[in-house]
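So this one's work.cif, mmCIF, C-alpha atoms:
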```
data_run
loop_
_atom_site.label_atom_id
_atom_site.label_comp_id
_atom_site.auth_asym_id
_atom_site.auth_seq_id
_atom_site.Cartn_x
_atom_site.Cartn_y
_atom_site.Cartn_z
CA MET K 1 -56.30 102.20 -18.27
CA ALA K 2 -59.80 103.37 -17.30
CA ARG K 3 -60.64 102.74 -13.63
CA TRP K 4 -63.65 100.58 -14.45
CA LEU K 5 -61.54 98.30 -16.61
CA ARG K 6 -58.94 97.46 -13.94
CA PRO K 7 -61.14 95.18 -11.80
CA LEU K 8 -62.31 93.40 -14.97
CA VAL K 9 -58.77 92.77 -16.18
CA GLY K 10 -57.68 91.60 -12.74
CA ALA K 11 -60.66 89.28 -12.45
CA LEU K 12 -59.91 87.72 -15.83
CA LEU K 13 -56.36 87.02 -14.68
CA LEU K 14 -57.72 85.20 -11.64
CA LEU K 15 -60.24 83.13 -13.58
CA GLU K 16 -57.50 81.10 -15.24
CA GLY K 17 -57.53 77.71 -13.56
CA ALA K 18 -59.61 78.86 -10.57
CA ALA K 19 -59.64 76.15 -7.94
CA ALA K 20 -62.72 74.36 -6.66
CA LEU K 21 -63.20 75.45 -3.05
CA SER K 22 -65.47 74.26 -0.25
CA PHE K 23 -67.95 76.83 1.01
CA LEU K 24 -68.69 75.93 4.62
CA HIS K 25 -68.72 77.62 8.01
CA HIS K 26 -65.65 76.50 9.94
CA ARG K 27 -65.70 76.01 13.69
CA TYR K 28 -62.40 76.55 15.52
CA GLU K 29 -61.03 73.02 15.05
CA GLU K 30 -62.04 73.07 11.38
CA LEU K 31 -60.44 76.48 10.90
CA VAL K 32 -57.16 75.19 12.32
CA GLN K 33 -57.31 72.14 10.08
CA ALA K 34 -57.97 74.31 7.03
CA LEU K 35 -54.95 76.51 7.79
CA PHE K 36 -52.62 73.57 8.29
CA ARG K 37 -53.96 71.94 5.13
CA VAL K 38 -52.98 75.02 3.13
CA GLN K 39 -49.58 75.05 4.79
CA SER K 40 -49.02 71.39 3.90
CA GLN K 41 -50.02 72.03 0.28
CA CYS K 42 -47.70 75.05 -0.09
CA PRO K 43 -44.92 74.39 2.45
CA TYR K 44 -42.26 76.46 0.72
CA VAL K 45 -44.23 79.73 0.64
CA THR K 46 -46.29 79.52 3.84
CA ARG K 47 -45.84 79.52 7.60
CA ILE K 48 -48.32 79.24 10.46
CA TYR K 49 -47.70 81.01 13.72
CA SER K 50 -49.76 82.04 16.75
CA ILE K 51 -49.65 85.57 18.15
CA GLY K 52 -51.22 84.48 21.46
CA ARG K 53 -54.37 82.96 22.92
CA SER K 54 -57.94 84.06 23.50
CA VAL K 55 -59.57 84.28 26.92
CA GLU K 56 -60.62 80.63 26.63
CA GLY K 57 -57.21 79.52 25.40
CA ARG K 58 -57.74 79.27 21.64
CA HIS K 59 -54.75 80.17 19.49
CA LEU K 60 -54.89 83.33 17.40
CA TYR K 61 -53.36 81.77 14.31
CA VAL K 62 -51.82 83.65 11.38
CA LEU K 63 -51.00 82.14 8.00
CA GLU K 64 -48.09 83.84 6.26
CA PHE K 65 -47.37 83.80 2.52
CA SER K 66 -43.87 84.71 1.36
CA ASP K 67 -41.10 83.34 -0.83
CA TYR K 68 -39.04 83.33 2.39
CA PRO K 69 -41.56 82.50 5.15
CA GLY K 70 -40.58 83.75 8.57
CA ILE K 71 -38.05 86.26 7.24
CA HIS K 72 -38.41 89.97 6.61
CA GLU K 73 -36.66 90.80 3.36
CA PRO K 74 -35.42 94.41 3.13
CA LEU K 75 -37.65 96.53 0.86
CA GLU K 76 -40.39 93.87 0.80
CA PRO K 77 -43.53 95.31 2.44
CA GLU K 78 -45.54 93.54 5.14
CA PHE K 79 -49.33 93.27 4.67
CA LYS K 80 -52.05 91.87 6.92
CA TYR K 81 -55.72 90.89 6.87
CA VAL K 82 -57.64 90.41 10.14
CA GLY K 83 -61.07 88.79 10.24
CA ASN K 84 -63.78 87.92 12.77
CA MET K 85 -62.87 90.65 15.26
CA HIS K 86 -66.54 90.57 16.21
CA GLY K 87 -67.34 86.90 16.76
CA ASN K 88 -70.74 87.00 15.08
CA GLU K 89 -69.47 88.76 11.93
CA VAL K 90 -68.30 85.68 10.15
CA LEU K 91 -68.06 86.37 6.42
CA GLY K 92 -64.56 87.84 6.72
CA ARG K 93 -63.41 84.70 8.53
CA GLU K 94 -64.61 82.47 5.70
CA LEU K 95 -63.32 84.78 2.96
CA LEU K 96 -59.83 84.75 4.46
CA LEU K 97 -59.83 80.96 4.57
CA GLN K 98 -60.95 80.94 0.94
CA LEU K 99 -58.27 83.50 0.08
CA SER K 100 -55.62 81.34 1.74
CA GLU K 101 -56.63 78.28 -0.27
CA PHE K 102 -56.85 80.38 -3.42
CA LEU K 103 -53.37 81.92 -3.07
CA CYS K 104 -51.85 78.51 -2.46
CA GLU K 105 -53.63 76.82 -5.36
CA GLU K 106 -52.94 79.62 -7.82
CA TYR K 107 -49.29 79.71 -6.80
CA ARG K 108 -49.03 75.99 -7.45
CA ARG K 109 -50.69 76.50 -10.83
CA GLY K 110 -48.11 79.13 -11.78
CA ASN K 111 -50.52 82.09 -11.92
CA GLU K 112 -48.13 84.95 -12.73
CA ARG K 113 -50.08 87.60 -10.84
CA ILE K 114 -50.32 85.56 -7.64
CA THR K 115 -46.71 84.35 -7.89
CA ARG K 116 -45.46 87.90 -8.25
CA LEU K 117 -47.62 89.01 -5.33
CA ILE K 118 -46.26 86.31 -3.01
CA HIS K 119 -42.65 86.89 -4.12
CA ASP K 120 -42.87 90.67 -3.68
CA THR K 121 -45.02 90.86 -0.53
CA ARG K 122 -45.04 89.26 2.90
CA ILE K 123 -48.74 88.56 3.48
CA HIS K 124 -50.15 87.76 6.95
CA ILE K 125 -53.71 86.40 7.21
CA MET K 126 -55.50 86.07 10.56
CA PRO K 127 -58.95 84.55 9.88
CA SER K 128 -60.21 85.02 13.45
CA MET K 129 -59.24 87.54 16.11
CA ASN K 130 -62.16 86.47 18.30
CA PRO K 131 -62.50 82.67 18.14
CA ASP K 132 -64.33 82.53 21.50
CA GLY K 133 -67.07 84.89 20.33
CA TYR K 134 -67.40 82.95 17.10
CA GLU K 135 -68.11 79.71 18.94
CA VAL K 136 -70.95 81.41 20.83
CA ALA K 137 -72.42 82.76 17.60
CA ALA K 138 -71.93 79.47 15.73
CA LYS K 139 -73.88 77.51 18.34
CA GLN K 140 -76.98 79.48 17.35
CA GLY K 141 -76.12 79.39 13.67
CA PRO K 142 -77.13 81.76 10.88
CA ASP K 143 -80.89 81.28 11.22
CA SER K 144 -81.36 82.30 14.86
CA ASN K 145 -78.22 84.34 15.54
CA GLY K 146 -78.99 87.61 17.28
CA TYR K 147 -77.48 90.93 16.24
CA LEU K 148 -75.13 90.91 19.24
CA THR K 149 -74.86 87.20 20.07
CA GLY K 150 -71.16 86.31 20.08
CA ARG K 151 -70.05 89.81 19.14
CA ASN K 152 -67.82 90.26 22.19
CA ASN K 153 -65.01 88.09 23.53
CA ALA K 154 -65.47 85.61 26.40
CA ASN K 155 -65.15 88.46 28.93
CA GLY K 156 -68.01 90.31 27.27
CA VAL K 157 -65.75 93.01 25.82
CA ASP K 158 -66.07 94.50 22.34
CA LEU K 159 -62.54 94.15 20.94
CA ASN K 160 -63.05 97.08 18.57
CA ARG K 161 -63.58 99.36 21.59
CA ASN K 162 -60.63 97.98 23.52
CA PHE K 163 -57.48 99.53 22.07
CA PRO K 164 -55.76 102.44 23.86
CA ASP K 165 -57.41 105.72 22.89
CA LEU K 166 -54.62 107.42 20.97
CA ASN K 167 -56.99 109.74 19.11
CA THR K 168 -57.48 111.95 22.15
CA LEU K 169 -53.74 112.04 22.75
CA MET K 170 -53.15 112.90 19.10
CA TYR K 171 -55.72 115.70 19.06
CA TYR K 172 -54.12 117.21 22.16
CA SER K 173 -50.62 116.70 20.79
CA ARG K 174 -51.60 118.51 17.61
CA GLU K 175 -52.60 121.56 19.62
CA ILE K 176 -49.15 121.78 21.22
CA SER K 177 -47.25 120.83 18.03
CA GLY K 178 -46.36 117.44 19.49
CA PRO K 179 -45.62 114.18 17.62
CA ASN K 180 -47.88 113.24 14.71
CA HIS K 181 -46.98 109.54 14.61
CA HIS K 182 -46.18 106.64 16.93
CA ILE K 183 -48.16 108.24 19.77
CA PRO K 184 -46.87 106.72 23.05
CA LEU K 185 -49.12 104.34 24.95
CA PRO K 186 -50.43 105.18 28.43
CA ASP K 187 -48.37 103.68 31.25
CA ASN K 188 -51.17 101.36 32.40
CA TRP K 189 -52.41 100.28 28.97
CA LYS K 190 -51.78 96.55 29.48
CA SER K 191 -54.18 96.42 32.41
CA GLN K 192 -56.95 97.94 30.29
CA VAL K 193 -56.96 95.57 27.30
CA GLU K 194 -58.16 92.03 26.71
CA PRO K 195 -55.82 89.10 25.88
CA GLU K 196 -56.79 89.23 22.21
CA THR K 197 -56.14 92.98 22.03
CA LEU K 198 -52.82 92.63 23.84
CA ALA K 199 -51.74 89.91 21.42
CA VAL K 200 -52.59 92.08 18.41
CA ILE K 201 -50.78 95.12 19.82
CA GLN K 202 -47.66 93.05 20.44
CA TRP K 203 -48.01 91.55 16.96
CA ILE K 204 -48.21 94.85 15.12
CA SER K 205 -45.35 96.15 17.24
CA SER K 206 -43.16 93.25 16.09
CA TYR K 207 -43.78 93.54 12.34
CA ASN K 208 -43.38 96.68 10.26
CA PHE K 209 -46.79 96.41 8.60
CA VAL K 210 -47.45 98.88 5.79
CA LEU K 211 -51.07 98.20 4.82
CA SER K 212 -53.93 96.32 6.43
CA ALA K 213 -57.67 95.71 6.44
CA ASN K 214 -59.93 94.25 9.09
CA LEU K 215 -63.06 92.50 7.88
CA HIS K 216 -66.46 93.08 9.48
CA GLY K 217 -70.15 92.59 8.64
CA GLY K 218 -73.52 94.29 9.05
CA ALA K 219 -73.08 96.76 6.18
CA VAL K 220 -71.38 96.90 2.78
CA VAL K 221 -68.85 99.74 2.68
CA ALA K 222 -65.12 100.41 2.86
CA ASN K 223 -64.51 102.54 5.93
CA TYR K 224 -61.32 104.56 6.48
CA PRO K 225 -59.85 106.63 9.38
CA TYR K 226 -60.42 108.50 11.45
CA ASP K 227 -63.13 106.53 13.20
CA LYS K 228 -63.25 108.92 16.15
CA SER K 229 -64.42 112.51 15.92
CA GLN K 230 -62.30 115.19 17.53
CA ASP K 231 -65.35 116.93 18.93
CA GLN K 232 -66.02 115.19 22.25
CA ARG K 233 -69.39 116.89 22.61
CA PHE K 234 -70.98 114.48 20.15
CA ARG K 235 -72.29 111.60 22.20
CA SER K 236 -74.73 110.15 19.70
CA HIS K 237 -72.97 107.51 17.61
CA ARG K 238 -75.11 108.47 14.61
CA ARG K 239 -73.88 112.09 14.43
CA THR K 240 -71.93 112.63 11.23
CA VAL K 241 -68.70 114.58 11.72
CA ASN K 242 -66.17 114.05 8.94
CA THR K 243 -62.77 113.63 10.59
CA PRO K 244 -60.06 113.14 7.97
CA THR K 245 -56.49 112.05 8.58
CA PRO K 246 -53.56 113.93 6.99
CA ASP K 247 -53.60 111.07 4.44
CA ASP K 248 -57.29 111.45 3.63
CA LYS K 249 -56.97 111.38 -0.17
CA LEU K 250 -54.76 108.31 0.00
CA PHE K 251 -57.21 106.54 2.31
CA GLN K 252 -60.06 107.35 -0.05
CA LYS K 253 -58.09 105.83 -2.92
CA LEU K 254 -57.35 102.69 -0.89
CA ALA K 255 -61.03 102.32 0.05
CA LYS K 256 -62.12 102.84 -3.57
CA THR K 257 -59.67 100.22 -4.73
CA TYR K 258 -61.63 97.66 -2.72
CA SER K 259 -65.12 99.01 -3.40
CA TYR K 260 -64.67 99.21 -7.18
CA ALA K 261 -63.08 95.78 -7.39
CA HIS K 262 -66.03 94.39 -5.38
CA SER K 263 -69.03 93.27 -7.39
CA TRP K 264 -71.51 95.72 -5.88
CA MET K 265 -69.97 97.69 -2.99
CA HIS K 266 -69.16 100.67 -5.24
CA ARG K 267 -72.80 101.07 -6.27
CA GLY K 268 -73.49 102.78 -2.96
CA TRP K 269 -76.96 101.46 -2.10
CA ASN K 270 -76.56 98.47 0.21
CA CYS K 271 -78.36 97.25 3.35
CA GLY K 272 -80.68 100.27 3.26
CA ASP K 273 -77.78 102.74 3.43
CA TYR K 274 -76.12 104.84 0.76
CA PHE K 275 -72.37 105.54 0.64
CA ALA K 276 -71.04 107.36 -2.42
CA ASP K 277 -68.55 105.10 -4.23
CA GLY K 278 -69.12 102.52 -1.50
CA ILE K 279 -66.72 104.24 0.92
CA THR K 280 -66.99 106.39 4.03
CA ASN K 281 -64.90 108.23 6.56
CA GLY K 282 -65.46 106.41 9.84
CA ALA K 283 -66.41 109.40 11.98
CA SER K 284 -68.59 110.72 9.16
CA TRP K 285 -70.61 107.52 9.51
CA TYR K 286 -70.52 107.53 13.32
CA SER K 287 -67.83 108.22 15.90
CA LEU K 288 -66.10 105.19 17.37
CA SER K 289 -63.60 105.30 20.24
CA LYS K 290 -60.70 102.89 20.87
CA GLY K 291 -60.98 101.20 17.48
CA MET K 292 -58.30 99.13 15.79
CA GLN K 293 -57.90 101.00 12.51
CA ASP K 294 -57.17 104.36 14.15
CA PHE K 295 -54.77 102.63 16.54
CA ASN K 296 -52.80 101.16 13.63
CA TYR K 297 -52.41 104.57 12.01
CA LEU K 298 -51.45 106.42 15.19
CA TYR K 299 -49.18 103.83 16.82
CA THR K 300 -47.49 102.07 13.90
CA ASN K 301 -46.54 102.64 10.26
CA CYS K 302 -49.60 100.70 9.12
CA PHE K 303 -52.45 102.21 7.10
CA GLU K 304 -55.59 100.20 7.92
CA ILE K 305 -59.15 100.36 6.66
CA THR K 306 -62.26 98.51 7.85
CA LEU K 307 -64.23 96.48 5.32
CA GLU K 308 -67.93 95.93 6.02
CA LEU K 309 -68.76 93.04 3.70
CA SER K 310 -72.32 91.82 4.14
CA CYS K 311 -75.73 92.96 5.33
CA ASN K 312 -76.16 89.62 7.07
CA LYS K 313 -73.54 89.20 9.78
CA PHE K 314 -73.85 85.39 9.70
CA PRO K 315 -74.80 84.54 6.11
CA PRO K 316 -76.00 81.01 5.33
CA GLU K 317 -73.56 78.58 3.71
CA GLU K 318 -75.43 78.69 0.40
CA ASP K 319 -74.50 82.40 0.12
CA LEU K 320 -70.76 81.94 0.76
CA GLU K 321 -69.77 81.12 -2.82
CA ARG K 322 -71.54 84.21 -4.18
CA GLN K 323 -69.83 86.35 -1.55
CA TRP K 324 -66.43 84.85 -2.36
CA MET K 325 -66.83 85.61 -6.05
CA ALA K 326 -67.88 89.17 -5.18
CA ASN K 327 -64.84 89.74 -2.96
CA ARG K 328 -62.08 87.65 -4.58
CA GLU K 329 -60.68 90.27 -6.96
CA ALA K 330 -61.04 93.00 -4.33
CA LEU K 331 -59.07 91.01 -1.74
CA VAL K 332 -56.19 90.54 -4.18
CA ALA K 333 -56.31 94.08 -5.59
CA PHE K 334 -56.15 95.59 -2.12
CA ILE K 335 -53.00 93.63 -1.26
CA GLU K 336 -51.42 95.03 -4.43
CA GLU K 337 -51.99 98.56 -3.11
CA VAL K 338 -49.08 98.03 -0.70
CA HIS K 339 -46.80 98.55 -3.72
CA GLN K 340 -47.16 102.29 -4.24
CA GLY K 341 -45.54 105.50 -3.02
CA ILE K 342 -41.87 105.43 -2.06
CA LYS K 343 -39.61 103.01 -0.27
CA GLY K 344 -35.89 102.71 0.41
CA MET K 345 -33.09 102.27 2.91
CA VAL K 346 -31.94 104.72 5.57
CA SER K 347 -28.30 104.05 6.36
CA ASP K 348 -25.22 105.66 7.86
CA GLU K 349 -21.99 106.44 6.04
CA ASN K 350 -20.86 102.83 6.48
CA ASN K 351 -24.08 101.51 4.87
CA ASN K 352 -25.43 100.23 8.19
CA GLY K 353 -29.21 100.44 8.36
CA ILE K 354 -30.65 103.02 10.77
CA ALA K 355 -33.73 101.77 12.62
CA GLY K 356 -36.36 104.24 13.77
CA ALA K 357 -35.41 107.00 11.32
CA VAL K 358 -38.30 109.41 10.75
CA ILE K 359 -39.55 109.88 7.19
CA SER K 360 -41.44 113.16 6.76
CA VAL K 361 -43.32 114.29 3.65
CA GLN K 362 -43.76 118.02 3.25
CA GLY K 363 -47.43 118.99 3.40
CA ILE K 364 -48.58 115.73 5.08
CA SER K 365 -48.41 115.96 8.86
CA HIS K 366 -48.04 112.25 9.50
CA ASP K 367 -44.60 110.66 9.59
CA ILE K 368 -43.50 107.04 9.44
CA THR K 369 -40.31 105.37 10.65
CA SER K 370 -37.78 102.93 9.24
CA GLY K 371 -37.79 99.31 10.39
CA ASP K 372 -35.15 97.31 12.22
CA MET K 373 -33.07 96.89 9.05
CA GLY K 374 -33.34 100.54 8.08
CA ASP K 375 -35.88 100.02 5.29
CA TYR K 376 -38.99 102.20 5.11
CA PHE K 377 -42.25 102.24 3.14
CA ARG K 378 -44.32 105.39 2.66
CA LEU K 379 -47.63 104.99 0.81
CA LEU K 380 -48.31 108.04 -1.38
CA LEU K 381 -50.50 109.01 -4.30
CA PRO K 382 -48.84 109.86 -7.63
CA GLY K 383 -47.18 113.27 -7.54
CA THR K 384 -43.99 115.11 -6.66
CA TYR K 385 -42.96 115.24 -3.00
CA THR K 386 -40.28 116.73 -0.78
CA VAL K 387 -39.19 114.03 1.64
CA THR K 388 -36.89 114.29 4.68
CA ALA K 389 -35.20 111.49 6.60
CA SER K 390 -33.95 112.27 10.10
CA ALA K 391 -32.56 110.28 13.01
CA GLU K 392 -31.14 111.07 16.42
CA GLY K 393 -27.44 111.81 16.09
CA TYR K 394 -27.51 112.33 12.31
CA GLN K 395 -27.88 115.27 9.98
CA PRO K 396 -31.29 115.22 8.27
CA LEU K 397 -31.39 114.79 4.51
CA THR K 398 -34.09 116.16 2.19
CA VAL K 399 -34.79 115.09 -1.39
CA THR K 400 -37.47 115.73 -4.00
CA THR K 401 -38.95 112.72 -5.75
CA THR K 402 -41.77 111.93 -8.16
CA VAL K 403 -44.18 109.05 -7.52
CA GLY K 404 -45.78 107.32 -10.49
CA PRO K 405 -49.05 105.38 -10.70
CA ALA K 406 -47.44 101.92 -10.79
CA ALA K 407 -44.48 100.59 -8.78
CA PRO K 408 -43.11 102.57 -5.80
CA SER K 409 -40.21 104.95 -6.35
CA LEU K 410 -36.94 103.84 -4.77
CA VAL K 411 -35.49 106.62 -2.57
CA HIS K 412 -32.50 105.85 -0.35
CA PHE K 413 -31.09 108.10 2.38
CA GLN K 414 -27.51 108.00 3.63
CA LEU K 415 -27.23 110.15 6.75
CA LYS K 416 -24.06 111.72 8.12
CA GLN K 417 -23.43 111.41 11.84
CA VAL K 418 -23.34 114.51 14.02
CA VAL K 419 -20.64 114.76 16.68
CA ARG K 420 -22.05 116.65 19.63
CA LYS K 421 -20.25 118.36 22.45
CA PRO K 422 -21.02 117.17 26.03
CA ALA K 423 -22.99 120.36 26.79
CA GLU K 424 -25.22 119.83 23.74
CA ARG K 425 -25.95 116.24 24.73
CA LYS K 426 -26.99 117.37 28.20
CA ALA K 427 -29.32 120.03 26.77
CA SER K 428 -30.87 117.46 24.44
CA GLY K 429 -31.58 115.19 27.39
CA THR K 430 -33.33 118.05 29.20
CA ARG K 431 -35.61 118.67 26.25
CA MET K 432 -36.54 114.99 26.14
CA ASN K 433 -37.45 115.08 29.83
CA ASN K 434 -39.69 118.09 29.22
CA LYS K 435 -41.50 116.18 26.48
CA ALA K 436 -42.00 113.25 28.81
CA LEU K 437 -43.55 115.59 31.37
CA GLN K 438 -45.92 116.98 28.75
CA LYS K 439 -47.34 113.53 28.19
CA LYS K 440 -48.50 113.41 31.81
CA VAL K 441 -51.01 116.22 31.32
CA VAL K 442 -52.83 114.73 28.35
CA PRO K 443 -56.49 114.15 29.29
CA ARG K 444 -57.97 110.69 29.04
CA ALA K 445 -60.84 109.94 26.69
CA THR K 446 -64.18 108.53 27.81
CA ARG K 447 -65.23 105.11 26.66
CA ARG K 448 -67.99 104.99 24.10
CA GLY K 449 -69.89 102.22 22.38
CA THR K 450 -71.16 101.91 18.78
CA GLN K 451 -71.51 99.20 16.18
CA ARG K 452 -68.32 98.81 14.11
#
```
When written as structure tokens, how does the structure in this file appear?
Amino acid sequence: MARWLRPLVGALLLLEGAAALSFLHHRYEELVQALFRVQSQCPYVTRIYSIGRSVEGRHLYVLEFSDYPGIHEPLEPEFKYVGNMHGNEVLGRELLLQLSEFLCEEYRRGNERITRLIHDTRIHIMPSMNPDGYEVAAKQGPDSNGYLTGRNNANGVDLNRNFPDLNTLMYYSREISGPNHHIPLPDNWKSQVEPETLAVIQWISSYNFVLSANLHGGAVVANYPYDKSQDQRFRSHRRTVNTPTPDDKLFQKLAKTYSYAHSWMHRGWNCGDYFADGITNGASWYSLSKGMQDFNYLYTNCFEITLELSCNKFPPEEDLERQWMANREALVAFIEEVHQGIKGMVSDENNNGIAGAVISVQGISHDITSGDMGDYFRLLLPGTYTVTASAEGYQPLTVTTTVGPAAPSLVHFQLKQVVRKPAERKASGTRMNNKALQKKVVPRATRRGTQR
């Protein structure tokens, strides 16, 4: 099917029985009520949980959609949306509330596409990561809200400059042929992050997320990693230095999925800027340090992009319906992107799942790991790949597999255990200690400020 036809077909599927929704700005109490209203309307496929509290004590609520809420089903991928990271960028917050109501209503109506999506995916929706900042911005409202009013949390910290800087560690590690995934955190990282950031880090450490997007405002473009340039000499945030990840082509495809399903993002000209296809590499736009999307990619198995959704950071209520219609198909289509590439189980000879097994794809220097149950998910473009699964104490296993354009290919690994002699185990422990010492010499990055 031609690429331009796919968003149209998807949109037609969603038009059937579309629910009447309220288009209002929701303060914190209203947001909580809206989430619990959705949960009460769809109790068998939803769950509400809090990942922690903001500086001022507001819950960071997440609404989960799944046919088995609260349970990770093996081989069912985990997906997340995060909105309102910057308190005064509010469209994402409202779109995620609308999306929550829409998924519930369409599921109740028997919409086949939405039903399949909820049954095959565990979807986590956090409308607001920065409820304290939002309250500051909302007091001024859309008419008089300043460009920075309410952007930061209650401690005056920009949450998208507050994650541990793993980019610098990764760039250094690459020079010494060190790890290319799950970069270890600095020893004192907890003392350097805000409560909201800490809650999110613990959250994404607890769930094996595969795909994610965080929703921002102030531009209209789908932004993908890396956000931070490797060249530390560039201090001006407007210097353009393209800094691709090893999964650059995949990230471009993910970003285009959203931009072309969006009503006008893909056109390129928006808010006085031009981005070809409505997408951009983050560092090519401007370099950003300690951001959330790079952290997801370098610390977890999650591939995250940043969606800039409106020129006006705090659009008036009369514009919310138009924005919802522009983003609705894109929000659903992007979730569906979690179902591509390869997935499977890594187990031992007794069919026990092996957690933490490393999945390597030849030619792509970024590995992922299996989850607690031994299942793994590796997003890949269509093609033929050589894939290796390895785990401490087991013989690695390599297979060749072909990925198609639709559903993910199922590739299981059953690893044979290696029996080591005492001397070999001692030598292995020495090598691990040497690696730990290497981490001590990695230079720290400087803190920098920009707009995303």
Practice item. List, as a PyMOL selection string, every residue that the PyMOL selection byres ((chain K and resi 393) around 9) selects in the file provided. Key: chain K and resi 390-392+394-395+416-420
Practice item. Point out the residue among K:Pro164, K:Gly356, K:Gly383, K:Gly178 with the least atom-to-atom distance to Lys290 of chain K, counting only C-alpha atoms. Key: K:Pro164
Review point. What is the atom CA of Thr240 of chain K-atom CA of Arg161 of chain K distance in Å, reported with one decimal?
Key: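 Taking atom CA of Thr240 of chain K and atom CA of Arg161 of chain K, their separation equals 18.8 Å.
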Write out, as CSV, each residue of segment 31-126 of chain K that has an atom at most 8 Å from segment 330-347 of chain K, together with the closest pair of atoms and their distance in Å to one decimal, counting all atoms listed in the file, rows going by chain and rising number.
```
residue,atom,partner,partner_atom,distance
K:Leu75,CA,K:Gly344,CA,6.4
K:Pro77,CA,K:Val338,CA,6.9
K:Phe79,CA,K:Ile335,CA,7.0
K:Leu99,CA,K:Leu331,CA,7.8
K:Leu117,CA,K:Glu336,CA,7.2
```
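When the PyMOL selection byres ((chain K and resi 100) around 9) is run on the displayed coordinates, the residues it returns are Leu35, Val38, Leu63, Phe65, Leu95, Leu96, Leu97, Gln98, Leu99, Glu101, Phe102, Leu103, Cys104, Glu105 and Ile125 of chain K.
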**Study point:** Nearest residue to Asp120 of chain K from the set K:Gln41, K:Ser66, K:Ser50, K:Asn327 (distances using only C-alpha atoms)
**Key:** K:Ser66
Practice item. Tell me which protein, DNA and RNA residues are within 9 Å of segment 358-372 of chain K, counting all atoms listed in the file, leaving out same-chain ones fewer than 3 positions away, and put them as a list in words. Key: Pro179, Asn180, His181, His182, Tyr207, Asn208, Thr245, Pro246, Asp247, Leu298, Thr300, Asn301, Cys302, Met345, Val346, Gly353, Ile354, Ala355, Asp375, Tyr376, Phe377, Arg378, Tyr385, Thr386, Val387, Thr388, Ala389, Ser390 and Ala391 of chain K
Exercise for review: Could you tell me how far atom CA of Phe209 of chain K lies from atom CA of Gln293 of chain K, in Å and to one decimal?
Suggested key: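 Atom-to-atom, atom CA of Phe209 of chain K and atom CA of Gln293 of chain K are spaced 12.6 Å apart.
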Determine the axis-aligned bounding box of all atoms of segment 312-323 of chain K present in the file, pad each side by 8 Å, and express its centre and edge lengths in Å to one decimal place as lines of an AutoDock Vina configuration file.
```
center_x = -73.0
center_y = 84.1
center_z = 2.8
size_x = 22.4
size_y = 27.0
size_z = 30.0
```
Review point. Can you find the residues with an atom no farther than 12 Å from (-75.8, 105.7, 6.3), counting all atoms listed in the file, and report them as a PyMOL selection string?
Key: chain K and resi 218-221+223+237-240+268-276+278-286
Review point. Hey, which of K:Val55, K:Leu60, K:Leu381, K:Ile183 ends up closest to Ser128 of chain K? Count all atoms listed in the file.
Key: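 Of K:Val55, K:Leu60, K:Leu381, K:Ile183, the one nearest Ser128 of chain K, counting all atoms listed in the file, is K:Leu60.
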Exercise for review: Within 10 Å of Pro195 of chain K, counting all atoms listed in the file, which residues show up once you throw out same-chain ones fewer than 3 positions away? Write them as an MDAnalysis selection string, please.
Suggested key: chainID K and resid 52:57 153 155 159 190:192 198:201
Check your understanding: Mind pulling up the distance from atom CA of Glu89 of chain K to atom CA of Asp132 of chain K?
Key ->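 Rounded to one decimal, the two atoms are 12.5 Å apart.
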Exercise for review: Could you check which of K:Arg47, K:Arg151, K:Lys228, K:Arg113 is closest to Ala138 of chain K, using all atoms listed in the file?
Suggested key: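 The answer is K:Arg151, which sits nearest to Ala138 of chain K.
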Exercise for review: Please work out which residues fall within 10 Å of (-69.9, 79.3, -2.6), coordinates as given in the file, with all atoms listed in the file counting, and return them as JSON, numbers by chain.
Suggested key: {"K": [20, 21, 22, 23, 24, 98, 317, 318, 319, 320, 321, 322, 323, 324, 325]}
Report the residues retrieved by the PyMOL selection byres ((chain K and resi 160) around 8) from the displayed file, expressed as a CSV table (one decimal) with C-alpha atoms, in the frame of the given file.
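That gives us expr_26.csv:
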```
chain,number,residue,atom,x,y,z
K,85,MET,CA,-62.9,90.6,15.3
K,86,HIS,CA,-66.5,90.6,16.2
K,158,ASP,CA,-66.1,94.5,22.3
K,159,LEU,CA,-62.5,94.2,20.9
K,161,ARG,CA,-63.6,99.4,21.6
K,162,ASN,CA,-60.6,98.0,23.5
K,163,PHE,CA,-57.5,99.5,22.1
K,290,LYS,CA,-60.7,102.9,20.9
K,291,GLY,CA,-61.0,101.2,17.5
K,292,MET,CA,-58.3,99.1,15.8
K,452,ARG,CA,-68.3,98.8,14.1
```
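Proximity ranking of K:Ala326, K:Leu250, K:Leu379, K:Ile71 relative to Arg122 of chain K places K:Ile71 first, based on only C-alpha atoms.
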